[in-house]
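Reproduced below: coords.txt, with compact mmCIF, C-alpha atoms.
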# COMPACT_ATOMS: atom_id res chain seq x y z
CA MET A 27 40.49 32.71 18.34
CA THR A 28 38.50 29.57 19.07
CA ARG A 29 39.18 26.31 17.27
CA ALA A 30 35.81 26.42 15.47
CA ARG A 31 36.51 29.93 14.14
CA ARG A 32 39.97 28.87 12.97
CA ILE A 33 38.45 25.93 11.08
CA LYS A 34 35.78 28.18 9.52
CA ARG A 35 38.45 30.68 8.49
CA GLY A 36 40.56 27.91 7.00
CA ILE A 37 37.59 26.62 4.98
CA GLY A 38 36.82 30.16 3.79
CA LEU A 39 40.41 30.72 2.66
CA THR A 40 40.51 27.36 0.88
CA PHE A 41 37.28 28.26 -0.91
CA VAL A 42 38.69 31.62 -2.06
CA VAL A 43 41.89 29.94 -3.32
CA LEU A 44 39.84 27.32 -5.19
CA VAL A 45 37.68 30.03 -6.81
CA LEU A 46 40.82 31.93 -7.87
CA ILE A 47 42.34 28.77 -9.36
CA GLY A 48 39.05 28.11 -11.16
CA MET A 49 39.08 31.61 -12.64
CA MET A 50 42.64 31.31 -14.03
CA PRO A 51 42.70 31.19 -17.84
CA THR A 52 43.95 27.92 -19.25
CA ARG A 53 44.58 26.57 -22.73
CA VAL A 54 41.45 25.63 -24.58
CA GLU A 55 41.57 21.99 -25.68
CA ALA A 56 38.69 22.32 -28.07
CA HIS A 57 39.67 19.59 -30.46
CA LEU A 58 41.41 17.13 -28.18
CA ASN A 59 43.93 16.30 -30.91
CA SER A 60 46.84 17.25 -28.72
CA THR A 61 45.73 15.13 -25.78
CA GLY A 62 44.69 12.06 -27.76
CA MET A 63 41.60 11.79 -25.58
CA GLY A 64 39.14 12.53 -28.38
CA PRO A 65 38.19 8.93 -29.20
CA VAL A 66 37.86 8.12 -25.49
CA TYR A 67 35.31 10.91 -25.05
CA ASP A 68 33.64 9.86 -28.30
CA GLY A 69 33.08 6.40 -26.90
CA LEU A 70 31.91 7.75 -23.58
CA LEU A 71 29.45 10.20 -25.13
CA HIS A 72 28.29 7.67 -27.72
CA PHE A 73 27.10 5.47 -24.88
CA LEU A 74 25.43 8.30 -23.00
CA MET A 75 23.63 9.47 -26.16
CA SER A 76 22.45 5.98 -27.19
CA PRO A 77 19.35 4.92 -25.25
CA GLU A 78 19.49 1.50 -26.90
CA ASP A 79 22.75 0.82 -24.98
CA LEU A 80 22.23 3.04 -21.96
CA ILE A 81 18.84 1.73 -20.84
CA PRO A 82 19.69 -2.02 -20.74
CA VAL A 83 22.81 -1.21 -18.67
CA PHE A 84 20.71 0.97 -16.39
CA ALA A 85 18.18 -1.87 -16.06
CA LEU A 86 20.87 -4.40 -15.19
CA ALA A 87 22.29 -2.02 -12.58
CA LEU A 88 18.82 -1.56 -11.06
CA PHE A 89 18.29 -5.30 -10.98
CA ALA A 90 21.70 -5.98 -9.42
CA GLY A 91 21.01 -3.27 -6.84
CA LEU A 92 17.64 -4.81 -5.95
CA ARG A 93 19.23 -8.23 -5.47
CA GLY A 94 22.10 -7.08 -3.25
CA ALA A 95 25.81 -6.47 -2.93
CA ALA A 96 27.05 -9.77 -4.40
CA TYR A 97 24.97 -9.27 -7.53
CA GLY A 98 26.08 -5.64 -7.78
CA ARG A 99 29.76 -6.57 -7.56
CA ARG A 100 29.35 -9.32 -10.13
CA ALA A 101 27.57 -7.03 -12.61
CA LEU A 102 30.10 -4.28 -11.98
CA PHE A 103 33.02 -6.36 -13.21
CA VAL A 104 31.44 -8.85 -15.61
CA LEU A 105 29.46 -6.37 -17.72
CA PRO A 106 32.29 -3.95 -18.63
CA SER A 107 34.74 -6.84 -19.22
CA ALA A 108 32.30 -8.62 -21.52
CA TRP A 109 31.49 -5.32 -23.26
CA PHE A 110 35.18 -4.76 -23.94
CA LEU A 111 35.72 -8.29 -25.27
CA GLY A 112 32.61 -8.05 -27.43
CA GLY A 113 33.75 -4.66 -28.69
CA LEU A 114 37.19 -6.00 -29.65
CA ALA A 115 35.52 -8.85 -31.53
CA GLY A 116 33.26 -6.33 -33.25
CA LEU A 117 36.21 -4.16 -34.27
CA ALA A 118 37.70 -7.14 -36.08
CA SER A 119 34.55 -7.75 -38.10
CA THR A 120 31.86 -5.83 -39.92
CA GLY A 121 28.13 -5.85 -39.38
CA ASN A 122 25.07 -3.76 -38.78
CA GLY A 123 23.16 -2.84 -35.66
CA ASN A 124 20.41 -5.24 -34.67
CA SER A 125 17.41 -3.53 -33.14
CA LEU A 126 15.84 -6.88 -32.22
CA LEU A 127 18.69 -7.40 -29.74
CA THR A 128 17.95 -4.02 -28.16
CA THR A 129 14.27 -4.95 -27.88
CA MET A 130 15.12 -8.26 -26.23
CA SER A 131 17.46 -6.50 -23.77
CA PHE A 132 14.72 -4.03 -22.81
CA LEU A 133 12.11 -6.76 -22.35
CA LEU A 134 14.33 -9.20 -20.44
CA LEU A 135 16.08 -6.78 -18.10
CA GLY A 136 13.06 -4.51 -17.58
CA GLY A 137 10.96 -7.60 -16.86
CA LEU A 138 13.47 -8.82 -14.26
CA VAL A 139 13.38 -5.44 -12.51
CA ALA A 140 9.58 -5.08 -12.69
CA ALA A 141 9.06 -8.59 -11.30
CA ASP A 142 11.89 -8.19 -8.75
CA ALA A 143 12.83 -11.68 -9.96
CA GLN A 144 14.84 -13.83 -7.59
CA ILE A 145 17.29 -15.51 -9.91
CA SER A 146 20.64 -17.01 -9.00
CA LEU A 147 23.93 -15.16 -9.03
CA ARG A 148 25.15 -17.48 -11.77
CA ALA A 149 22.18 -16.62 -13.99
CA THR A 150 22.75 -12.89 -13.37
CA THR A 151 26.41 -13.33 -14.33
CA ALA A 152 25.38 -15.07 -17.53
CA ILE A 153 22.89 -12.29 -18.37
CA ALA A 154 25.51 -9.59 -17.70
CA ALA A 155 28.05 -11.41 -19.86
CA MET A 156 25.59 -11.92 -22.71
CA LEU A 157 24.45 -8.31 -22.56
CA GLY A 158 28.03 -7.03 -22.58
CA LEU A 159 29.20 -9.31 -25.37
CA ALA A 160 26.21 -8.62 -27.63
CA HIS A 161 26.02 -4.85 -27.19
CA GLY A 162 29.81 -4.52 -27.18
CA TYR A 163 30.02 -6.46 -30.43
CA LEU A 164 27.45 -4.19 -32.06
CA ASN A 165 29.29 -1.11 -30.80
CA GLY A 166 32.58 -2.50 -32.09
CA THR A 167 31.25 -3.16 -35.58
CA GLY A 168 30.25 0.49 -35.89
CA MET A 169 33.49 2.02 -34.64
CA GLY A 170 35.57 1.91 -37.81
CA GLN A 171 39.36 1.96 -37.47
CA PRO A 172 40.61 -0.54 -34.87
CA GLY A 173 43.14 1.85 -33.23
CA VAL A 174 40.73 4.70 -32.67
CA GLY A 175 37.90 2.25 -32.06
CA ALA A 176 39.77 0.56 -29.21
CA LEU A 177 40.23 3.93 -27.49
CA ALA A 178 36.54 4.71 -27.94
CA LEU A 179 35.77 1.30 -26.50
CA LEU A 180 37.84 2.16 -23.43
CA GLY A 181 35.79 5.31 -22.84
CA LEU A 182 32.60 3.36 -23.34
CA VAL A 183 33.59 0.58 -20.93
CA PHE A 184 34.65 3.18 -18.36
CA ILE A 185 31.24 4.84 -18.38
CA VAL A 186 29.47 1.45 -18.23
CA PHE A 187 31.50 0.69 -15.10
CA VAL A 188 30.68 4.06 -13.52
CA LEU A 189 26.96 3.81 -14.35
CA VAL A 190 26.62 0.28 -12.92
CA ALA A 191 28.58 1.27 -9.80
CA LEU A 192 26.49 4.37 -9.09
CA CYS A 193 23.07 2.95 -9.90
CA ALA A 194 23.53 -0.43 -8.21
CA ALA A 195 24.98 1.21 -5.09
CA PHE A 196 22.13 3.72 -4.96
CA VAL A 197 19.43 1.05 -5.29
CA MET A 198 21.15 -1.23 -2.77
CA ARG A 199 20.84 1.47 -0.10
CA LEU A 200 17.07 1.76 -0.57
CA ARG A 201 15.32 0.21 2.40
CA ARG A 202 11.81 1.67 2.50
CA PRO A 203 9.28 -0.50 0.63
CA TRP A 204 7.97 2.31 -1.56
CA THR A 205 11.46 3.12 -2.84
CA ARG A 206 11.92 -0.44 -4.05
CA VAL A 207 8.49 -0.26 -5.67
CA ALA A 208 9.62 2.91 -7.47
CA VAL A 209 12.57 0.95 -8.88
CA ARG A 210 10.19 -1.78 -10.05
CA VAL A 211 7.98 0.84 -11.69
CA MET A 212 11.07 1.97 -13.62
CA GLY A 213 11.50 -1.64 -14.73
CA SER A 214 7.93 -1.67 -16.03
CA TRP A 215 8.66 1.52 -17.97
CA ILE A 216 11.66 -0.20 -19.57
CA VAL A 217 9.51 -3.20 -20.57
CA ALA A 218 6.89 -0.80 -21.98
CA SER A 219 9.56 0.99 -24.01
CA GLY A 220 10.79 -2.40 -25.29
CA LEU A 221 7.29 -3.38 -26.41
CA LEU A 222 6.92 -0.07 -28.22
CA LEU A 223 10.29 -0.56 -29.87
CA LEU A 224 9.11 -3.99 -31.01
CA GLY A 225 6.01 -2.39 -32.52
CA TRP A 226 8.18 0.23 -34.16
CA ASN A 227 10.40 -2.48 -35.71
CA LEU A 228 7.43 -4.48 -36.93
CA ARG A 229 5.78 -1.40 -38.39
CA GLY A 230 4.45 -2.01 -41.88
CA LYS A 231 5.18 -5.75 -41.80
CA PHE A 232 1.55 -6.75 -41.28
CA MET B 20 19.34 17.17 13.78
CA LYS B 21 17.35 20.02 12.26
CA ASP B 22 20.55 22.03 11.71
CA ALA B 23 22.20 19.09 9.96
CA ARG B 24 19.20 18.74 7.66
CA THR B 25 19.22 22.46 6.89
CA GLU B 26 22.92 22.23 6.08
CA VAL B 27 22.33 19.35 3.67
CA TRP B 28 19.55 21.28 1.93
CA THR B 29 21.75 24.38 1.69
CA LYS B 30 24.56 22.34 0.14
CA CYS B 31 22.14 20.72 -2.34
CA ALA B 32 20.75 24.14 -3.29
CA ALA B 33 24.28 25.54 -3.76
CA LEU B 34 25.20 22.56 -5.94
CA ALA B 35 22.03 22.95 -8.03
CA VAL B 36 22.70 26.67 -8.55
CA THR B 37 26.31 25.93 -9.54
CA ILE B 38 25.17 23.32 -12.08
CA LEU B 39 22.58 25.72 -13.51
CA LEU B 40 25.24 28.40 -13.90
CA CYS B 41 27.53 26.07 -15.91
CA ALA B 42 27.63 27.07 -19.58
CA GLN B 43 26.04 24.45 -21.82
CA VAL B 44 26.28 23.76 -25.53
CA VAL B 45 23.27 25.23 -27.33
CA GLU B 46 21.45 22.48 -29.26
CA ALA B 47 19.39 24.69 -31.50
CA HIS B 48 19.25 22.25 -34.39
CA ILE B 49 18.22 18.81 -33.23
CA GLN B 50 19.58 16.08 -35.46
CA LYS B 51 17.66 13.10 -36.77
CA GLY B 52 14.59 14.15 -34.79
CA GLU B 53 15.88 12.28 -31.75
CA ALA B 54 15.22 14.83 -29.03
CA ALA B 55 12.09 15.84 -30.93
CA GLY B 56 10.95 12.24 -30.72
CA PHE B 57 11.44 12.17 -26.96
CA TRP B 58 9.73 15.50 -26.31
CA SER B 59 6.86 14.62 -28.65
CA GLY B 60 6.40 11.48 -26.59
CA VAL B 61 6.50 13.39 -23.30
CA ARG B 62 4.06 16.00 -24.55
CA HIS B 63 1.56 13.57 -26.07
CA PRO B 64 -0.08 12.20 -22.89
CA ILE B 65 -0.12 15.61 -21.18
CA SER B 66 -1.48 17.49 -24.18
CA GLY B 67 -4.82 15.66 -24.15
CA LEU B 68 -7.15 16.19 -21.19
CA ASP B 69 -8.73 12.75 -21.74
CA HIS B 70 -5.38 11.02 -21.14
CA VAL B 71 -4.44 13.28 -18.22
CA LEU B 72 -7.71 12.74 -16.34
CA ALA B 73 -7.76 8.97 -16.88
CA MET B 74 -4.13 8.59 -15.74
CA ILE B 75 -4.71 10.70 -12.65
CA ALA B 76 -7.85 8.68 -11.91
CA VAL B 77 -5.74 5.49 -11.99
CA GLY B 78 -3.41 7.03 -9.41
CA LEU B 79 -6.32 8.24 -7.25
CA TRP B 80 -7.98 4.84 -7.33
CA GLY B 81 -4.70 3.14 -6.45
CA ALA B 82 -4.33 5.48 -3.47
CA GLN B 83 -7.91 4.71 -2.35
CA LEU B 84 -7.40 0.96 -2.67
CA GLY B 85 -4.08 1.06 -0.78
CA ALA B 86 -1.41 -1.66 -0.88
CA PRO B 87 -0.86 -3.72 -2.98
CA ALA B 88 -3.02 -1.97 -5.62
CA ILE B 89 -1.25 1.37 -5.11
CA TRP B 90 1.91 -0.10 -6.58
CA LEU B 91 0.50 -2.90 -8.73
CA LEU B 92 -1.56 -0.57 -10.93
CA PRO B 93 1.34 1.78 -11.84
CA VAL B 94 3.61 -1.25 -12.53
CA ALA B 95 1.01 -3.06 -14.67
CA PHE B 96 -0.48 -0.09 -16.51
CA PRO B 97 2.57 1.01 -18.60
CA MET B 98 3.22 -2.55 -19.78
CA VAL B 99 -0.36 -3.12 -20.91
CA MET B 100 -0.52 0.38 -22.38
CA ALA B 101 2.61 -0.41 -24.38
CA LEU B 102 0.83 -3.43 -25.86
CA GLY B 103 -1.82 -1.04 -27.17
CA GLY B 104 0.92 1.31 -28.36
CA MET B 105 2.59 -1.59 -30.15
CA MET B 106 -0.68 -2.38 -31.95
CA GLY B 107 -0.96 1.26 -32.95
CA LEU B 108 2.62 1.41 -34.25
CA MET B 109 2.14 -1.83 -36.19
CA GLY B 110 -1.03 -0.48 -37.77
CA ILE B 111 -3.35 -3.16 -36.36
CA PRO B 112 -6.87 -1.64 -36.38
CA LEU B 113 -8.66 -1.12 -33.05
CA PRO B 114 -12.18 0.23 -33.50
CA GLY B 115 -13.74 2.69 -31.07
CA THR B 116 -10.48 4.01 -29.60
CA GLU B 117 -11.89 7.42 -28.66
CA ILE B 118 -15.01 5.81 -27.16
CA GLY B 119 -12.79 3.48 -25.13
CA ILE B 120 -10.76 6.40 -23.82
CA ALA B 121 -13.91 8.31 -22.87
CA ALA B 122 -15.34 5.17 -21.20
CA SER B 123 -12.11 4.82 -19.23
CA ALA B 124 -12.58 8.31 -17.78
CA ILE B 125 -16.24 7.57 -16.93
CA LEU B 126 -15.59 4.20 -15.28
CA LEU B 127 -12.35 5.06 -13.50
CA GLY B 128 -13.82 8.38 -12.33
CA SER B 129 -16.92 6.55 -11.08
CA ALA B 130 -14.77 3.97 -9.29
CA VAL B 131 -13.01 6.81 -7.47
CA MET B 132 -16.26 8.67 -6.82
CA PHE B 133 -17.98 5.63 -5.24
CA GLU B 134 -14.71 4.45 -3.69
CA SER B 135 -15.48 1.01 -5.04
CA ARG B 136 -13.22 -1.79 -3.83
CA PRO B 137 -13.38 -4.73 -6.22
CA ARG B 138 -10.96 -7.65 -5.98
CA LEU B 139 -7.43 -6.75 -7.05
CA LEU B 140 -7.60 -8.92 -10.17
CA ILE B 141 -10.77 -7.18 -11.33
CA ALA B 142 -9.34 -3.71 -10.66
CA ALA B 143 -6.10 -4.55 -12.48
CA SER B 144 -8.03 -6.07 -15.43
CA LEU B 145 -10.28 -3.02 -15.72
CA VAL B 146 -7.32 -0.63 -15.67
CA GLY B 147 -5.36 -2.87 -18.08
CA PHE B 148 -8.27 -3.07 -20.52
CA PHE B 149 -8.51 0.71 -20.79
CA ALA B 150 -4.73 1.06 -20.91
CA ILE B 151 -4.83 -0.63 -24.32
CA PHE B 152 -6.99 2.18 -25.77
CA HIS B 153 -4.76 4.91 -24.37
CA GLY B 154 -1.61 3.17 -25.63
CA TYR B 155 -3.16 2.59 -29.03
CA ALA B 156 -3.95 6.29 -29.41
CA HIS B 157 -0.34 7.18 -28.51
CA GLY B 158 1.03 4.59 -30.94
CA THR B 159 -1.00 5.73 -33.93
CA GLU B 160 -0.19 9.40 -33.38
CA LEU B 161 3.61 9.11 -33.61
CA PRO B 162 4.68 12.08 -35.76
CA PRO B 163 6.41 11.00 -38.98
CA GLY B 164 10.20 11.00 -39.16
CA GLN B 165 10.80 10.75 -35.42
CA SER B 166 12.57 8.12 -33.37
CA GLY B 167 10.07 5.46 -32.28
CA LEU B 168 12.25 4.44 -29.34
CA LEU B 169 12.63 7.94 -27.92
CA TYR B 170 8.96 8.74 -28.56
CA GLY B 171 8.00 5.55 -26.70
CA ILE B 172 10.30 6.31 -23.77
CA GLY B 173 8.90 9.84 -23.61
CA PHE B 174 5.26 8.86 -23.45
CA VAL B 175 5.86 6.01 -21.02
CA ILE B 176 7.68 8.39 -18.64
CA ALA B 177 4.98 11.06 -18.98
CA THR B 178 2.22 8.51 -18.33
CA GLY B 179 4.07 7.17 -15.29
CA CYS B 180 4.51 10.70 -13.94
CA LEU B 181 0.77 11.34 -14.35
CA HIS B 182 0.09 8.23 -12.26
CA GLY B 183 2.53 9.59 -9.71
CA VAL B 184 0.60 12.88 -9.61
CA GLY B 185 -2.64 10.94 -9.07
CA ILE B 186 -1.10 8.87 -6.27
CA ALA B 187 0.38 11.99 -4.66
CA ILE B 188 -3.00 13.73 -4.72
CA GLY B 189 -4.64 10.53 -3.49
CA LEU B 190 -2.44 10.50 -0.39
CA ILE B 191 -4.79 13.06 1.16
CA HIS B 192 -7.20 10.13 1.41
CA ARG B 193 -5.87 9.45 4.93
CA TRP B 194 -7.86 12.45 6.22
CA ARG B 195 -11.65 12.61 6.28
CA TRP B 196 -11.79 15.85 4.32
CA GLY B 197 -9.28 14.35 1.88
CA GLN B 198 -11.54 11.37 1.23
CA LYS B 199 -14.32 13.75 0.21
CA VAL B 200 -11.97 15.76 -2.04
CA VAL B 201 -10.70 12.60 -3.76
CA ARG B 202 -14.25 11.39 -4.37
CA LEU B 203 -15.17 14.81 -5.70
CA ALA B 204 -12.18 14.65 -8.06
CA GLY B 205 -13.42 11.24 -9.22
CA ALA B 206 -16.83 12.75 -9.95
CA GLY B 207 -15.12 15.49 -11.98
CA VAL B 208 -13.24 12.89 -14.04
CA ALA B 209 -16.47 10.94 -14.67
CA VAL B 210 -18.32 14.07 -15.82
CA ALA B 211 -15.42 15.00 -18.11
CA GLY B 212 -15.56 11.43 -19.44
CA LEU B 213 -19.22 11.92 -20.37
CA LEU B 214 -18.22 15.05 -22.26
CA PHE B 215 -15.45 13.13 -24.10
CA LEU B 216 -17.96 10.39 -24.96
CA TRP B 217 -20.39 12.92 -26.36
CA MET B 218 -17.60 14.44 -28.46
CA ALA B 219 -16.49 10.98 -29.68
CA LEU B 220 -20.02 10.03 -30.73
CA LYS B 221 -20.78 13.36 -32.36
Give the structure from the file, written as structure tokens.
Amino acid sequence: MTRARRIKRGIGLTFVVLVLIGMMPTRVEAHLNSTGMGPVYDGLLHFLMSPEDLIPVFALALFAGLRGAAYGRRALFVLPSAWFLGGLAGLASTGNGNSLLTTMSFLLLGGLVAADAQISLRATTAIAAMLGLAHGYLNGTGMGQPGVGALALLGLVFIVFVLVALCAAFVMRLRRPWTRVAVRVMGSWIVASGLLLLGWNLRGKF
Amino acid sequence: MKDARTEVWTKCAALAVTILLCAQVVEAHIQKGEAAGFWSGVRHPISGLDHVLAMIAVGLWGAQLGAPAIWLLPVAFPMVMALGGMMGLMGIPLPGTEIGIAASAILLGSAVMFESRPRLLIAASLVGFFAIFHGYAHGTELPPGQSGLLYGIGFVIATGCLHGVGIAIGLIHRWRWGQKVVRLAGAGVAVAGLLFLWMALK
């Protein structure tokens, strides 16, 4: 048997074993009480289901990716850390969500992406920190009990980290001019959504 | 090289099939109108032929004009359109919206038909001016009880995709027969615009 055939056979066998393992019945952890992971998933899913948090993070990741590796690394660590600190501060206090903040995040970060703005690394760090602190604080105020809330915050910060890592890395690899233009078009869509949100918030006030 | 590419495509297809076969939670009862808001927004620009034709004409014209217009128009249009949408959401009156939308189809279609090449600033201003009318119509027609944010995201994405369709069609402009087809499409948009104008004035 040739070496190539042996490798193919090995891969085939591994695949069959993996399928069999996948088909084995396991305990259903429907309510996550036993694992204690419930609040972590709550936090994670809360972020993924909240466009007002998700889109500014996505915009920052796009911007960091457009600017390069140093910006991407800085956003990757500063944003989740600030989000966590802001969330802890929010857990210790009470307050309500502020949609004006969301609007400002959309306009600022979408605008930076659309304009492909060349701002310094220090300014990007400051923007990431402000975004994390502000949105984290608002998340924290809505999370209720501090113990459960802190776990939810962990899930949330984890997914922020993953999203920034994936998006910034993807954009950084784009080299063809039209692909970078496509990213900028996404930025303009984010600004447009921010303007519409502003109109929505000001509805009936004139 | 070709084999490697085929292998990548096969793997992608296998992954896509696997994902599609994964059991998902059935969301039969949408809460708080959130998904409804998004889908209403997506459907709004594509449910009206006047919006569809004007957006595609923007993409076609961008493709005819080439760089930098091909990317400047799709970047600028959503932002200006959102200004119109904001006015609509806020309830600020804008007279002659339907006439403006019809005029956009006539003028943009004519620009494509005659392959006119004005200065970039003039082209962007013309497109931006009409974007306000389209955005305003979207803003005023937000169904009650739905999420304004998700509705806005939905219609911005749908509008952007329509531009993308126009640009993709316009890429045939590099061939001689393609130039004629694009100009013919522009003529079709202009004629449809005349029909919309007649309906708006009726």
For segment 88-102 of chain B, please output as a PyMOL selection string all residues within 6 Å (counting all atoms listed in the file; exclusion window: fewer than 6 positions along the same chain).
(chain A and resi 211+214+218+221-222) or (chain B and resi 81-82+147+150-151+154)
Pick from A:Ala108, A:Leu200, A:Phe89, A:Thr129 nearest to chain B, counting all atoms listed in the file:
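Of A:Ala108, A:Leu200, A:Phe89, A:Thr129, the one nearest chain B is A:Thr129, counting all atoms listed in the file.
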Determine which residues of chain A sit within 9 Å of chain B, taking into account all atoms listed in the file, and present them as a list in words.
Pro77, Glu78, Ala140, Trp204, Val207, Ala208, Arg210, Val211, Met212, Gly213, Ser214, Trp215, Ile216, Val217, Ala218, Ser219, Gly220, Leu221, Leu222, Leu223, Leu224, Gly225, Trp226, Asn227, Leu228, Arg229, Gly230, Lys231 and Phe232 of chain A
Quick one: residues within 9 Å of Leu92 of chain A, only C-alpha atoms, excluding same-chain residues fewer than 5 positions away - as a tab-separated table (two decimals) with C-alpha atoms, in the coordinates of the input?
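Output file around.tsv is given in full below:
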chain	number	residue	atom	x	y	z
A	87	ALA	CA	22.29	-2.02	-12.58
A	97	TYR	CA	24.97	-9.27	-7.53
A	98	GLY	CA	26.08	-5.64	-7.78
A	139	VAL	CA	13.38	-5.44	-12.51
A	142	ASP	CA	11.89	-8.19	-8.75
A	194	ALA	CA	23.53	-0.43	-8.21
A	197	VAL	CA	19.43	1.05	-5.29
A	198	MET	CA	21.15	-1.23	-2.77
A	200	LEU	CA	17.07	1.76	-0.57
A	206	ARG	CA	11.92	-0.44	-4.05
A	209	VAL	CA	12.57	0.95	-8.88
Write out as a PyMOL selection string the residues lying within 7 Å of segment 153-165 of chain A, counting all atoms listed in the file and excluding same-chain residues fewer than 3 positions away.
chain A and resi 79+101+104-106+108-113+115-116+123+149-150+168-169
Same residues, C-alpha atoms, output as an mmCIF file, keeping the file's coordinate frame:
data_model
loop_
_atom_site.group_PDB
_atom_site.id
_atom_site.type_symbol
_atom_site.label_atom_id
_atom_site.label_comp_id
_atom_site.auth_asym_id
_atom_site.auth_seq_id
_atom_site.Cartn_x
_atom_site.Cartn_y
_atom_site.Cartn_z
ATOM 1 C CA ASP A 79 22.750 0.820 -24.980
ATOM 2 C CA ALA A 101 27.570 -7.030 -12.610
ATOM 3 C CA VAL A 104 31.440 -8.850 -15.610
ATOM 4 C CA LEU A 105 29.460 -6.370 -17.720
ATOM 5 C CA PRO A 106 32.290 -3.950 -18.630
ATOM 6 C CA ALA A 108 32.300 -8.620 -21.520
ATOM 7 C CA TRP A 109 31.490 -5.320 -23.260
ATOM 8 C CA PHE A 110 35.180 -4.760 -23.940
ATOM 9 C CA LEU A 111 35.720 -8.290 -25.270
ATOM 10 C CA GLY A 112 32.610 -8.050 -27.430
ATOM 11 C CA GLY A 113 33.750 -4.660 -28.690
ATOM 12 C CA ALA A 115 35.520 -8.850 -31.530
ATOM 13 C CA GLY A 116 33.260 -6.330 -33.250
ATOM 14 C CA GLY A 123 23.160 -2.840 -35.660
ATOM 15 C CA ALA A 149 22.180 -16.620 -13.990
ATOM 16 C CA THR A 150 22.750 -12.890 -13.370
ATOM 17 C CA GLY A 168 30.250 0.490 -35.890
ATOM 18 C CA MET A 169 33.490 2.020 -34.640
#
Would you pick out the contacts of Pro65 of chain A at 9 Å or less, using all atoms listed in the file, so that residues sharing its chain but fewer than 5 positions from it are not included, and give the list as a list in words?
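Those residues are Leu58, Leu70, Val174, Gly175, Ala176, Leu177, Ala178, Leu179, Leu180 and Gly181 of chain A.
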Print the selection's residues with C-alpha atoms to a file, as a PDB file, keeping the file's coordinate frame.
ATOM      1  CA  LEU A  58      41.410  17.130 -28.180  1.00  0.00           C
ATOM      2  CA  LEU A  70      31.910   7.750 -23.580  1.00  0.00           C
ATOM      3  CA  VAL A 174      40.730   4.700 -32.670  1.00  0.00           C
ATOM      4  CA  GLY A 175      37.900   2.250 -32.060  1.00  0.00           C
ATOM      5  CA  ALA A 176      39.770   0.560 -29.210  1.00  0.00           C
ATOM      6  CA  LEU A 177      40.230   3.930 -27.490  1.00  0.00           C
ATOM      7  CA  ALA A 178      36.540   4.710 -27.940  1.00  0.00           C
ATOM      8  CA  LEU A 179      35.770   1.300 -26.500  1.00  0.00           C
ATOM      9  CA  LEU A 180      37.840   2.160 -23.430  1.00  0.00           C
ATOM     10  CA  GLY A 181      35.790   5.310 -22.840  1.00  0.00           C
TER      11      GLY A 181
END
Could you tell me how far atom CA of Pro114 of chain B sits from atom CA of Lys221 of chain B, in Å to one decimal place?
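Those two atoms sit 15.7 Å apart.
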Could you jot down the atom CA of Leu189 of chain A to atom CA of His63 of chain B separation for me, Å, one decimal place?
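Distance between the two atoms: 29.6 Å.
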Tell me, in Å to one decimal, how far atom CA of Gly85 of chain B is from atom CA of Leu214 of chain B.
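Between atom CA of Gly85 of chain B and atom CA of Leu214 of chain B the gap works out to 29.3 Å.
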Give, as AutoDock Vina command-line options, the centre coordinates and the x, y and z edge lengths in Å to one decimal for an axis-aligned box around all listed atoms of segment 218-232 of chain A, padded by 3 Å on each side.
--center_x 6.2 --center_y -2.9 --center_z -31.9 --size_x 15.2 --size_y 13.7 --size_z 25.9
Contacts of segment 74-80 of chain B at 7 Å (all atoms listed in the file; same-chain gap of 4+ positions) as a ChimeraX atom specification:
/B:70,84,127-128,131,178,181-186,188-189,205
